[in-house]
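Reviewing the structure listed below.
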Amino acid sequence: MAQQSSSSQTEQGAASLVDRSHTLTRRQIEILHWVQEGKTAWEIGRILNLTDRSVEGHLRRIYLRLNVRNKLRAVLRAQDLGLLRRPGRRAEEERYATSGSSSGSDGAPPRAGSVIQRST
């Protein structure tokens, strides 16, 4: 019985570790946004008023949390997790593309102010 409770505690600990592994801070998401825009660590540092070494430190922690090895993979993983929007798509287009009911009867996107219910 003692083994069973310790193994369940271990499983719970592993589950909480996995749950936290894909969470990023606002600053880390902000840095990934600028990486997605093609900015270097130096440029990101100037934009966010950080040193380039601080940006590189954030990137290392991002790589660990997302289990990736480089900037490209980090951006792609963050997009897959919904932490970053894919470039070239407006927020409305992304929302409508995933909802399946994005257009009216004429195939045009809904007008501003119209209500769209998302099917789940």
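Lettering and numbering for the structure tokens are positional, with chains as A, B, ... in the shown order, residues counted from 1 in each chain, and ligands counted from 1 in the shown order.
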As a PyMOL selection string, please: the residues near A:Arg61 (cut-off 12 Å, only C-alpha atoms, same-chain neighbours under 2 positions excluded). chain A and resi 21-25+27-29+31-32+54-59+63-71+74
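Between atom CA of A:Leu76 and atom CA of A:Glu37 the interatomic distance comes to 12.6 Å.
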Within 8 Å of A:Trp42 using only C-alpha atoms, minus same-chain residues under 2 positions, as a list in words: Lys39, Thr40, Ile44, Gly45, Arg46, Thr51, Asp52 and Val55 of chain A
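You will find atom CA of A:Arg60 at 17.3 Å from atom CA of A:Gly38.
The spacing separating atom CA of A:Arg53 from atom CA of A:Gln79 amounts to 24.5 Å.
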Test item: residues at most 7 Å from stretch 81-84 of chain A, only C-alpha atoms, excluding those fewer than 3 positions along its chain, as a list of chain:residue names: A:His33, A:Arg77, A:Ala78
Keeping only N, CA and C atoms, take the residues you just selected and write them out as an mmCIF file, in the first residue's frame.
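As a result, part.cif now contains:
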```
data_model
loop_
_atom_site.group_PDB
_atom_site.id
_atom_site.type_symbol
_atom_site.label_atom_id
_atom_site.label_comp_id
_atom_site.auth_asym_id
_atom_site.auth_seq_id
_atom_site.Cartn_x
_atom_site.Cartn_y
_atom_site.Cartn_z
ATOM 1 N N HIS A 33 7.721 36.353 -29.894
ATOM 2 C CA HIS A 33 7.048 37.151 -30.917
ATOM 3 C C HIS A 33 8.083 37.889 -31.764
ATOM 4 N N ARG A 77 6.782 25.494 -32.170
ATOM 5 C CA ARG A 77 6.115 24.833 -31.045
ATOM 6 C C ARG A 77 5.148 25.802 -30.373
ATOM 7 N N ALA A 78 5.567 27.046 -30.189
ATOM 8 C CA ALA A 78 4.689 28.044 -29.558
ATOM 9 C C ALA A 78 3.448 28.288 -30.417
#
```
